[in-house]
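Chemist: model-v4.csv is reproduced below (CSV, C-alpha atoms).
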chain,number,residue,atom,x,y,z
A,1,MET,CA,27.8,-113.5,48.1
A,2,THR,CA,25.2,-110.8,47.4
A,3,ARG,CA,22.0,-111.4,49.4
A,4,LYS,CA,18.8,-111.4,47.3
A,5,PRO,CA,15.2,-110.7,48.2
A,6,TYR,CA,13.3,-113.8,49.4
A,7,GLY,CA,10.6,-114.0,46.9
A,8,MET,CA,7.1,-112.7,47.6
A,9,ILE,CA,7.5,-112.8,51.3
A,10,CYS,CA,10.3,-110.2,51.0
A,11,PRO,CA,9.7,-107.1,53.2
A,12,ILE,CA,10.0,-105.0,50.0
A,13,THR,CA,6.6,-106.3,48.9
A,14,ARG,CA,4.9,-105.2,52.1
A,15,ALA,CA,6.6,-101.8,52.0
A,16,CYS,CA,5.3,-101.3,48.5
A,17,GLU,CA,1.8,-102.2,49.6
A,18,ILE,CA,1.9,-99.6,52.4
A,19,LEU,CA,3.2,-96.8,50.1
A,20,GLU,CA,1.2,-97.8,47.0
A,21,PRO,CA,-2.0,-95.8,47.4
A,22,ARG,CA,-2.0,-92.8,45.2
A,23,TRP,CA,-0.6,-89.6,46.7
A,24,THR,CA,1.0,-91.4,49.6
A,25,ILE,CA,4.6,-90.9,48.5
A,26,ALA,CA,3.8,-87.3,47.3
A,27,ILE,CA,2.4,-86.5,50.8
A,28,LEU,CA,5.6,-87.8,52.4
A,29,VAL,CA,7.7,-85.8,50.0
A,30,ALA,CA,5.7,-82.6,50.7
A,31,LEU,CA,6.2,-83.1,54.5
A,32,TRP,CA,9.9,-83.7,53.8
A,33,ALA,CA,10.0,-80.4,52.0
A,34,GLY,CA,8.8,-78.7,55.2
A,35,ASN,CA,5.1,-78.3,54.6
A,36,THR,CA,3.1,-78.9,57.8
A,37,LYS,CA,-0.3,-77.2,57.1
A,38,PHE,CA,-3.1,-79.0,55.2
A,39,ASN,CA,-3.5,-76.4,52.5
A,40,ASP,CA,0.3,-76.1,52.0
A,41,ILE,CA,0.6,-79.8,51.6
A,42,ARG,CA,-2.2,-79.7,49.1
A,43,ARG,CA,-0.6,-76.9,47.1
A,44,GLU,CA,2.7,-78.7,47.1
A,45,ILE,CA,1.1,-81.8,45.6
A,46,GLY,CA,-1.1,-80.0,43.1
A,47,SER,CA,-4.2,-81.9,42.2
A,48,VAL,CA,-5.3,-84.0,45.1
A,49,SER,CA,-8.8,-83.4,46.4
A,50,PRO,CA,-9.3,-82.2,50.0
A,51,ALA,CA,-11.3,-85.4,50.9
A,52,LEU,CA,-8.6,-87.7,49.5
A,53,LEU,CA,-5.8,-85.8,51.2
A,54,THR,CA,-7.7,-86.0,54.5
A,55,LYS,CA,-8.1,-89.8,54.0
A,56,ARG,CA,-4.4,-90.3,53.1
A,57,LEU,CA,-3.2,-88.2,56.1
A,58,ARG,CA,-5.4,-90.3,58.4
A,59,GLU,CA,-4.0,-93.5,56.9
A,60,LEU,CA,-0.4,-92.3,57.3
A,61,GLU,CA,-1.2,-91.3,60.9
A,62,ASP,CA,-2.6,-94.8,61.6
A,63,LEU,CA,0.6,-96.3,60.1
A,64,GLY,CA,2.7,-94.2,62.4
A,65,LEU,CA,4.3,-92.2,59.6
A,66,VAL,CA,2.6,-88.9,60.4
A,67,GLU,CA,1.8,-87.2,63.7
A,68,ARG,CA,-1.2,-84.8,63.8
A,69,ILE,CA,-0.7,-81.9,66.2
A,70,HIS,CA,-3.7,-79.9,67.2
A,71,ASP,CA,-3.2,-76.6,69.0
A,72,ARG,CA,-6.4,-76.3,71.0
A,73,ALA,CA,-5.7,-72.6,71.9
A,74,THR,CA,-5.6,-71.5,68.2
A,75,GLY,CA,-7.3,-74.4,66.5
A,76,ASN,CA,-4.3,-74.8,64.2
A,77,ILE,CA,-3.4,-78.3,63.0
A,78,ASP,CA,0.0,-79.3,61.8
A,79,TYR,CA,1.2,-82.6,60.3
A,80,LEU,CA,4.7,-83.7,61.2
A,81,ARG,CA,6.9,-86.6,60.0
A,82,THR,CA,7.6,-89.3,62.6
A,83,GLY,CA,10.9,-91.2,62.9
A,84,LYS,CA,9.4,-93.9,60.6
A,85,ALA,CA,8.8,-91.3,57.9
A,86,ILE,CA,12.2,-89.8,58.3
A,87,ALA,CA,13.8,-93.2,58.0
A,88,LEU,CA,12.1,-93.6,54.6
A,89,GLU,CA,13.8,-90.5,53.1
A,90,PRO,CA,17.0,-92.3,51.9
A,91,ALA,CA,14.8,-94.6,49.9
A,92,LEU,CA,12.8,-91.7,48.5
A,93,ASP,CA,16.0,-90.0,47.6
A,94,ALA,CA,17.2,-93.1,45.8
A,95,LEU,CA,13.9,-93.2,43.9
A,96,ALA,CA,14.5,-89.6,42.8
A,97,HIS,CA,18.0,-90.6,41.6
A,98,TRP,CA,16.6,-93.5,39.7
A,99,ALA,CA,13.9,-91.5,38.1
A,100,GLN,CA,16.3,-88.8,36.9
A,101,GLN,CA,18.5,-91.3,35.3
A,102,ASN,CA,16.0,-93.9,34.0
A,103,VAL,CA,12.7,-92.2,33.3
A,104,ASP,CA,12.5,-90.4,30.0
A,105,GLY,CA,11.7,-86.6,30.1
A,106,ILE,CA,8.3,-86.7,28.5
A,107,THR,CA,7.0,-89.4,30.9
A,108,ALA,CA,8.6,-87.8,34.0
A,109,LEU,CA,7.3,-84.3,33.3
A,110,CYS,CA,4.0,-84.7,31.4
A,111,THR,CA,1.8,-84.3,34.4
A,112,THR,CA,3.6,-81.3,36.0
A,113,SER,CA,1.1,-78.9,37.5
A,114,ALA,CA,1.6,-75.2,37.0
A,115,SER,CA,0.0,-74.4,40.3
A,116,SER,CA,2.2,-76.7,42.3
A,117,LEU,CA,5.3,-75.7,40.3
A,118,MET,CA,4.7,-72.0,41.1
A,119,TRP,CA,4.0,-72.8,44.7
A,120,LYS,CA,7.4,-74.4,44.9
A,121,MET,CA,8.9,-71.2,43.4
A,122,ARG,CA,8.6,-69.5,46.9
A,123,LYS,CA,11.5,-71.7,48.0
A,124,LEU,CA,13.3,-72.2,44.7
A,125,ILE,CA,14.0,-68.5,43.9
A,126,GLU,CA,17.3,-67.2,45.3
A,127,PRO,CA,16.5,-63.6,46.6
A,128,ASP,CA,20.2,-62.7,47.0
A,129,ALA,CA,20.6,-63.1,43.2
A,130,LEU,CA,17.9,-60.5,42.5
A,131,PRO,CA,18.4,-56.7,42.4
A,132,ARG,CA,18.1,-55.1,45.8
A,133,ARG,CA,14.7,-53.6,45.0
A,134,ARG,CA,11.2,-54.8,44.5
A,135,VAL,CA,11.1,-57.2,41.5
A,136,VAL,CA,8.0,-58.5,39.8
A,137,ILE,CA,8.3,-61.4,37.3
A,138,GLN,CA,5.3,-62.6,35.3
A,139,PHE,CA,5.1,-66.3,34.4
A,140,HIS,CA,2.7,-67.2,31.6
A,141,PHE,CA,2.2,-70.8,30.6
A,142,ALA,CA,1.2,-71.6,27.0
A,143,GLU,CA,-1.3,-74.3,27.9
A,144,ASP,CA,-5.0,-74.5,28.4
A,145,LEU,CA,-5.1,-74.2,32.2
A,146,ASP,CA,-7.6,-72.8,34.8
A,147,TYR,CA,-4.8,-70.4,35.9
A,148,ASP,CA,-2.1,-69.8,33.3
A,149,THR,CA,-0.5,-66.6,34.6
A,150,TYR,CA,1.3,-66.1,37.9
A,151,TRP,CA,3.4,-63.3,39.3
A,152,VAL,CA,6.5,-63.6,41.5
A,153,LEU,CA,6.8,-60.6,43.9
A,154,ALA,CA,10.2,-60.2,45.6
A,155,ASN,CA,10.9,-57.5,48.1
A,156,PRO,CA,14.3,-57.1,49.8
A,157,GLY,CA,14.2,-58.8,53.3
A,158,ALA,CA,10.7,-60.3,52.7
A,159,PRO,CA,9.7,-63.9,51.7
A,160,ILE,CA,9.0,-64.5,48.0
A,161,GLU,CA,5.3,-64.1,47.2
A,162,ILE,CA,3.5,-66.0,44.4
A,163,CYS,CA,0.4,-64.1,43.2
A,164,THR,CA,-2.5,-65.3,41.1
A,165,SER,CA,-3.7,-61.8,40.4
A,166,ILE,CA,-1.5,-58.9,39.1
A,167,PRO,CA,0.1,-57.3,42.1
A,168,GLY,CA,-0.3,-53.7,41.0
A,169,TYR,CA,3.3,-52.9,40.2
A,170,ASP,CA,5.3,-52.6,37.0
A,171,ILE,CA,6.4,-56.0,35.7
A,172,ASP,CA,10.2,-56.2,35.3
A,173,LEU,CA,10.4,-59.5,33.4
A,174,TYR,CA,8.0,-61.5,31.3
A,175,VAL,CA,8.5,-65.3,31.2
A,176,GLU,CA,6.6,-67.2,28.5
A,177,THR,CA,7.0,-71.0,28.8
A,178,THR,CA,5.3,-74.3,29.4
A,179,THR,CA,5.1,-76.3,32.6
A,180,MET,CA,7.1,-79.1,31.1
A,181,SER,CA,9.8,-76.7,29.8
A,182,LEU,CA,10.2,-74.9,33.2
A,183,ALA,CA,10.2,-78.1,35.2
A,184,ALA,CA,12.8,-79.6,32.8
A,185,ILE,CA,15.1,-76.6,33.3
A,186,LEU,CA,14.8,-76.9,37.1
A,187,LEU,CA,15.6,-80.7,37.0
A,188,GLY,CA,18.5,-80.4,34.6
A,189,ARG,CA,16.8,-82.2,31.8
A,190,THR,CA,17.3,-79.2,29.5
A,191,THR,CA,18.8,-75.8,29.7
A,192,ILE,CA,17.6,-72.2,29.5
A,193,ARG,CA,19.5,-71.7,26.2
A,194,ARG,CA,18.1,-74.9,24.6
A,195,GLU,CA,14.5,-74.0,25.6
A,196,THR,CA,15.0,-70.5,24.2
A,197,GLU,CA,16.3,-71.9,20.9
A,198,LEU,CA,13.3,-74.3,20.7
A,199,ASP,CA,10.9,-71.4,21.3
A,200,GLU,CA,9.7,-73.2,24.5
A,201,LEU,CA,11.0,-70.3,26.6
A,202,PHE,CA,10.8,-66.5,25.8
A,203,LEU,CA,12.1,-63.8,28.1
A,204,SER,CA,11.4,-60.1,27.7
A,205,GLY,CA,11.9,-57.1,29.9
A,206,ASP,CA,14.8,-56.3,32.2
A,207,PRO,CA,17.9,-57.7,30.3
A,208,VAL,CA,19.8,-58.3,33.5
A,209,LEU,CA,17.0,-60.4,35.0
A,210,ALA,CA,16.8,-62.3,31.8
A,211,ARG,CA,20.5,-62.9,31.6
A,212,THR,CA,20.8,-64.1,35.2
A,213,MET,CA,17.7,-66.4,35.3
A,214,ASP,CA,20.0,-69.4,36.1
A,215,LYS,CA,21.2,-67.5,39.1
A,216,TRP,CA,18.0,-66.4,40.7
A,217,LEU,CA,16.2,-69.6,39.7
A,218,PRO,CA,18.8,-72.3,40.4
A,219,ARG,CA,18.4,-75.9,39.4
A,220,SER,CA,17.5,-78.7,41.8
A,221,SER,CA,20.2,-80.7,43.4
A,222,TYR,CA,19.0,-83.6,41.4
A,223,ALA,CA,20.0,-81.8,38.2
A,224,ASP,CA,23.7,-82.4,38.8
A,225,LEU,CA,23.4,-86.2,38.8
A,226,GLU,CA,25.4,-88.1,36.2
A,227,GLY,CA,23.4,-89.6,33.3
A,228,VAL,CA,20.2,-87.5,33.7
A,229,GLU,CA,17.7,-88.3,31.0
A,230,GLU,CA,17.2,-85.2,28.8
A,231,LEU,CA,13.9,-83.9,27.7
A,232,THR,CA,13.6,-85.1,24.1
A,233,GLY,CA,10.9,-86.4,21.8
A,234,ASP,CA,7.5,-85.1,20.7
A,235,ARG,CA,6.3,-82.7,23.4
A,236,SER,CA,2.8,-82.5,21.8
A,237,ALA,CA,2.2,-85.9,23.4
A,238,ARG,CA,2.3,-84.3,26.8
A,239,GLN,CA,-1.4,-83.2,26.7
A,240,GLY,CA,-2.6,-86.7,26.1
A,241,ALA,CA,-0.4,-88.1,28.8
A,242,ARG,CA,-1.7,-85.4,31.2
A,243,THR,CA,-5.3,-86.2,30.4
A,244,SER,CA,-4.8,-89.9,30.8
A,245,ALA,CA,-3.1,-89.4,34.2
A,246,ALA,CA,-5.8,-87.1,35.4
A,247,GLY,CA,-8.4,-89.8,34.6
A,248,ALA,CA,-6.5,-92.6,36.2
Would you give me this structure, written as structure tokens?
Modeler:
Amino acid sequence: MTRKPYGMICPITRACEILEPRWTIAILVALWAGNTKFNDIRREIGSVSPALLTKRLRELEDLGLVERIHDRATGNIDYLRTGKAIALEPALDALAHWAQQNVDGITALCTTSASSLMWKMRKLIEPDALPRRRVVIQFHFAEDLDYDTYWVLANPGAPIEICTSIPGYDIDLYVETTTMSLAAILLGRTTIRRETELDELFLSGDPVLARTMDKWLPRSSYADLEGVEELTGDRSARQGARTSAAGA
């Protein structure tokens, strides 16, 4: 016989109460992704305020999910996952699977932040799939954003850099897109070819870089799940959804 939860005194309910405050799960995911510095965690999440992030980190520390490490010699502070937080990761992974397969594309992607998406690009781009020379790629997002243009700077043997001001080199590839379109490509909810045909993605410049975009910008591991909900529907609704979410 399959065991069922025991009503409202089920431990699932208490776990949800602990993880319910806004940004709590996002912070745990940012730590899981390897971010330990306050500013890196904030960039990974996107739009959380410094004050609220400080509060949530303190709450997670009190709950035994985060350990705050203060290096008194340098003044540096790092935030690390505890065993309790690591034990949560299978559940978070299962949530990601569920969302990919059961949440429609518009709902899942309408609040995607360009700044946090580009910050993630540092780890997403595959340097070995780029030419063995300096490569500059400009990403321009066709939305009303505070920052709508970013530059990827890739030098052989060096970490990928994301710039918010033009780096002073010739641009090899221009990428015109939207945050929803790019996020959908990465998560396997659409394809580069489909977004190009829909005029949601436009590539110009180096033809080799354009042709190999799927190689140097590989999809998330969650993209290969069976039954992923594709990005369909009226994308013009995304701005209203984003505005509503920001005011929540």
Chemist: I'd like to know which of A:Ile185, A:Cys163, A:Ala114, A:Val66 is closest to Ala142 in chain A, using all atoms listed in the file.
Modeler: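 Among the listed residues, A:Ala114 lies closest to Ala142 in chain A.
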Chemist: Compile a residue-level contact table for range 131-216 of chain A against range 85-106 of chain A at a cut-off of 10 Å, reporting for every qualifying residue the shortest atom pair and its distance in Å to one decimal, with all atoms listed in the file counted, rows ordered by chain and ascending number, as a tab-separated table.
Modeler:
residue	atom	partner	partner_atom	distance
A:Met180	CA	A:Ile106	CA	8.1
A:Ala184	CA	A:Gly105	CA	7.6
A:Leu187	CA	A:Gln100	CA	8.1
A:Gly188	CA	A:Gln100	CA	9.0
A:Arg189	CA	A:Gly105	CA	6.9
A:Thr190	CA	A:Gly105	CA	9.3
Chemist: Between A:Ser204, A:Asn155, A:Ser115, A:Thr24, single out the one closest to Leu57 in chain A, counting only C-alpha atoms.
Modeler: A:Thr24
Chemist: Return the single residue from A:Ile160, A:Leu203, A:Trp119, A:Cys110 that is closest to Gln138 in chain A, with distances computed using all atoms listed in the file.
Modeler: A:Leu203
Chemist: In Å, how far is it from CA of Arg132 in chain A to CA of Pro156 in chain A?
Modeler: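 According to the coordinates, CA of Arg132 in chain A and CA of Pro156 in chain A are separated by 5.9 Å.
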Chemist: With only C-alpha atoms as the atoms that count, which of A:Leu225, A:Ile27, A:Val135, A:Leu231 lies nearest to Glu59 in chain A?
Modeler: A:Ile27
Chemist: Within 12 Å of Ile192 in chain A, counting all atoms listed in the file, which residues show up once you throw out same-chain ones fewer than 6 positions away? Write them as an MDAnalysis selection string, please.
Modeler: chainID A and resid 175 177 181:186 198:203 210:215 217:219
Chemist: Point out the residue among A:Arg134, A:Arg194, A:Arg122, A:Arg43 with the least atom-to-atom distance to Ala154 in chain A, counting all atoms listed in the file.
Modeler: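 Nearest candidate to Ala154 in chain A out of A:Arg134, A:Arg194, A:Arg122, A:Arg43: A:Arg134.
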Chemist: Need to verify the contact set: Arg22 in chain A, 10 Å, all atoms listed in the file, exclusion of same-chain residues closer than 4 positions in sequence. Can you return it as a list in words?
Modeler: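 My list of contacting residues is Ala26, Ile27, Val48, Leu52, Leu53 and Arg56 of chain A.
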Chemist: I'd like the contact shell of Asp172 in chain A - 7 Å cut-off, only C-alpha atoms, skipping same-chain residues fewer than 6 positions apart - returned as number ranges by chain.
Modeler: A: 135-137, 205-206
Chemist: Would you compute the distance between CA of Phe141 in chain A and CA of Thr178 in chain A? Give it in Å to one decimal.
Modeler: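 Spanning CA of Phe141 in chain A to CA of Thr178 in chain A is a straight-line distance of 4.8 Å.
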Chemist: Between A:Ile12, A:Pro131, A:Thr196, A:Phe38, single out the one closest to Ala51 in chain A, counting all atoms listed in the file.
Modeler: A:Phe38
Chemist: Can you work out the spacing between CA of Thr82 in chain A and CA of Pro21 in chain A in Å, to one decimal?
Modeler: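 Distance reported for this atom pair: 19.1 Å.
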Chemist: Show me the residues close to (-2.4, -80.2, 41.0) - anything with an atom within 10 Å, counting only C-alpha atoms - and format the list as an MDAnalysis selection string.
Modeler: chainID A and resid 42:49 111:117 246
